[in-house]
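Peer 1: The structure under discussion is supplied below as C-alpha cells; questions concerning it will follow.
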Amino acid sequence: MIIRMLRITPDQKENAAKEAREILKTLESCLNPNKPFNGGQNLSFMDIAIVWVGYYAQMLEKMLHVILLDDENTPLLNMWFRYVLDLQVIKECLPPFDKLVAHYTDFHERHMTAH
C-alpha cells in the first residue's frame with residue numbers, strides 16, 4: 001500500500017487512496033474495541049509490527065493531500081493508531097515525522113520526474 005501510494009501519478013491519487021482505505025478497513029476489523037492492544041492490556045509484538053502503518057499513512061496524507069485514516073471510515077483504527085503512536089516507547093523508536101515526510105517527498109518527486 002505504501003510503496004504503491006508513493007508511485008502514483010496525480011490522476012491516480014484518489015483511486016489509490018480509496019483502495020488503501022479498504023485495506024485499512026480490513027486491518028480495523030481485526031481490532032478488539034474492548035482491549036487497548038492486540039495482546040490485551042499490554043503492548044505486543046503485533047502492535048509494534050502494525051503501528052508503523054499508521055505513521056506512514058499520516059505521512060502519505062500530508063505528502064499527497066489525501067485522506068486515508070479518519071473517524072468516519074476507520075474510527076477504531078484511527079483511535080488505536082493515535083493511542084499507540086502517542087506511547088513514549090513508540091515515539092522513541094520512530095523517525096522524526098518532518099524528516100520522514102521530507103525524505104519520501106523527495107523520493108516521490110524523483111520517481112515522478114523519472115517517468
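Identifiers for the C-alpha cells are assigned positionally: chains receive A, B, ... in sequence, residues are indexed from 1 per chain, and ligands are indexed from 1 in the order shown.
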Taking the chain letters and numbering used in this document, name the residues of range 46-114 of chain A that DSSP puts in alpha helix (DSSP H), as a ChimeraX atom specification.
Peer 2: /A:46-64,75-85,88-91,97-114
Peer 1: Name all residues at most 12 Å from Glu14 in chain A (count only C-alpha atoms; drop same-chain ones fewer than 3 positions away) and give them as a PDB file with C-alpha atoms, in the first residue's frame.
Peer 2:
```pdb
ATOM      1  CA  MET A   5       0.942   5.277  -2.981  1.00  0.00           C
ATOM      2  CA  ILE A   8       1.104   7.046  -8.190  1.00  0.00           C
ATOM      3  CA  THR A   9       0.587   9.917 -10.547  1.00  0.00           C
ATOM      4  CA  PRO A  10      -1.717  12.787  -9.549  1.00  0.00           C
ATOM      5  CA  ASP A  11      -4.596  11.398 -11.628  1.00  0.00           C
ATOM      6  CA  ALA A  17      -6.430   6.344  -1.674  1.00  0.00           C
ATOM      7  CA  LYS A  18      -9.782   4.567  -1.933  1.00  0.00           C
ATOM      8  CA  GLU A  19      -8.008   1.221  -2.326  1.00  0.00           C
ATOM      9  CA  ALA A  20      -5.763   1.998   0.670  1.00  0.00           C
ATOM     10  CA  ARG A  21      -8.804   2.897   2.808  1.00  0.00           C
ATOM     11  CA  GLU A  61      -1.781  12.023   3.841  1.00  0.00           C
ATOM     12  CA  LEU A  64      -0.202  13.531  -1.239  1.00  0.00           C
ATOM     13  CA  HIS A  65      -3.053  15.554   0.268  1.00  0.00           C
ATOM     14  CA  VAL A  66      -5.348  12.537   0.599  1.00  0.00           C
ATOM     15  CA  ILE A  67      -7.358  11.113   3.473  1.00  0.00           C
ATOM     16  CA  LEU A  68      -6.526   7.568   4.489  1.00  0.00           C
TER      17      LEU A  68
END
```
Peer 1: Find, counting only C-alpha atoms, the residue in A:Leu85, A:Ala102, A:Ile2, A:Met112 that gets nearest to Val51 in chain A.
Peer 2: A:Leu85
Peer 1: What are the closest atom pairs, with distances in Å to one decimal, for all residues of range 22-49 of chain A lying within 9 Å of range 70-77 of chain A? Consider only C-alpha atoms, order rows by chain and residue number, and present the result as a Markdown table.
Peer 2:
```
| residue | atom | partner | partner_atom | distance |
| --- | --- | --- | --- | --- |
| A:Leu24 | CA | A:Thr74 | CA | 7.3 |
| A:Lys25 | CA | A:Thr74 | CA | 6.0 |
| A:Leu27 | CA | A:Leu77 | CA | 7.7 |
| A:Glu28 | CA | A:Leu77 | CA | 5.1 |
| A:Ser29 | CA | A:Leu77 | CA | 8.5 |
| A:Leu31 | CA | A:Leu77 | CA | 7.4 |
| A:Asn32 | CA | A:Leu76 | CA | 8.8 |
| A:Pro33 | CA | A:Leu76 | CA | 7.0 |
```
Peer 1: Put those residues in a file: N, CA and C atoms, as a short mmCIF file (atom, residue, chain, number, x, y, z; two decimals), in the first residue's frame.
Peer 2:
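result29.cif, written as the output of this step:
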```cif
data_model
loop_
_atom_site.label_atom_id
_atom_site.label_comp_id
_atom_site.auth_asym_id
_atom_site.auth_seq_id
_atom_site.Cartn_x
_atom_site.Cartn_y
_atom_site.Cartn_z
N LEU A 24 -7.15 -0.59 4.94
CA LEU A 24 -7.16 -0.16 6.33
C LEU A 24 -8.43 -0.60 7.05
N LYS A 25 -9.55 -0.64 6.35
CA LYS A 25 -10.80 -1.14 6.96
C LYS A 25 -10.65 -2.62 7.32
N LEU A 27 -7.84 -4.08 8.11
CA LEU A 27 -7.00 -4.08 9.30
C LEU A 27 -7.82 -3.72 10.54
N GLU A 28 -8.69 -2.74 10.40
CA GLU A 28 -9.53 -2.31 11.53
C GLU A 28 -10.42 -3.45 12.03
N SER A 29 -10.90 -4.28 11.12
CA SER A 29 -11.80 -5.38 11.51
C SER A 29 -11.12 -6.38 12.44
N LEU A 31 -9.21 -5.46 15.02
CA LEU A 31 -9.03 -4.86 16.34
C LEU A 31 -10.19 -5.20 17.27
N ASN A 32 -9.88 -5.35 18.53
CA ASN A 32 -10.89 -5.58 19.55
C ASN A 32 -11.15 -4.24 20.25
N PRO A 33 -12.36 -3.70 20.14
CA PRO A 33 -12.64 -2.39 20.73
C PRO A 33 -12.57 -2.38 22.26
#
```
Peer 1: I'd like to know which of A:Pro95, A:Ala49, A:Phe37, A:Ala57 is closest to Tyr83 in chain A, using only C-alpha atoms.
Peer 2: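 Nearest candidate to Tyr83 in chain A out of A:Pro95, A:Ala49, A:Phe37, A:Ala57: A:Phe37.
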Peer 1: Mind giving me the straight-line distance from CA of Gln58 in chain A to CA of Asn42 in chain A in Å, one decimal?
Peer 2: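 About the pair CA of Gln58 in chain A and CA of Asn42 in chain A: they are 24.2 Å apart.
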Peer 1: Please measure the separation of CA of Ile23 in chain A and CA of Arg110 in chain A, giving the value in Å to one decimal.
Peer 2: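 CA of Arg110 in chain A lies 26.6 Å from CA of Ile23 in chain A.
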Peer 1: Could you work out how far CA of Leu87 in chain A lies from CA of Ser44 in chain A, giving the answer in Å with one decimal?
Peer 2: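 Atom-to-atom, CA of Ser44 in chain A to CA of Leu87 in chain A, that is 12.9 Å.
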Peer 1: Pick out the closest residue to Phe97 in chain A from this set: A:Lys13, A:Arg4, A:Lys62, A:Lys35. Count only C-alpha atoms.
Peer 2: A:Lys62
Peer 1: So that I can see what lies close to Phe107 in chain A, please list as number ranges by chain the residues with an atom at most 12 Å from it, counting only C-alpha atoms and leaving out residues fewer than 5 positions away in the same chain.
Peer 2: A: 3, 5-7, 63, 100-102, 112-114
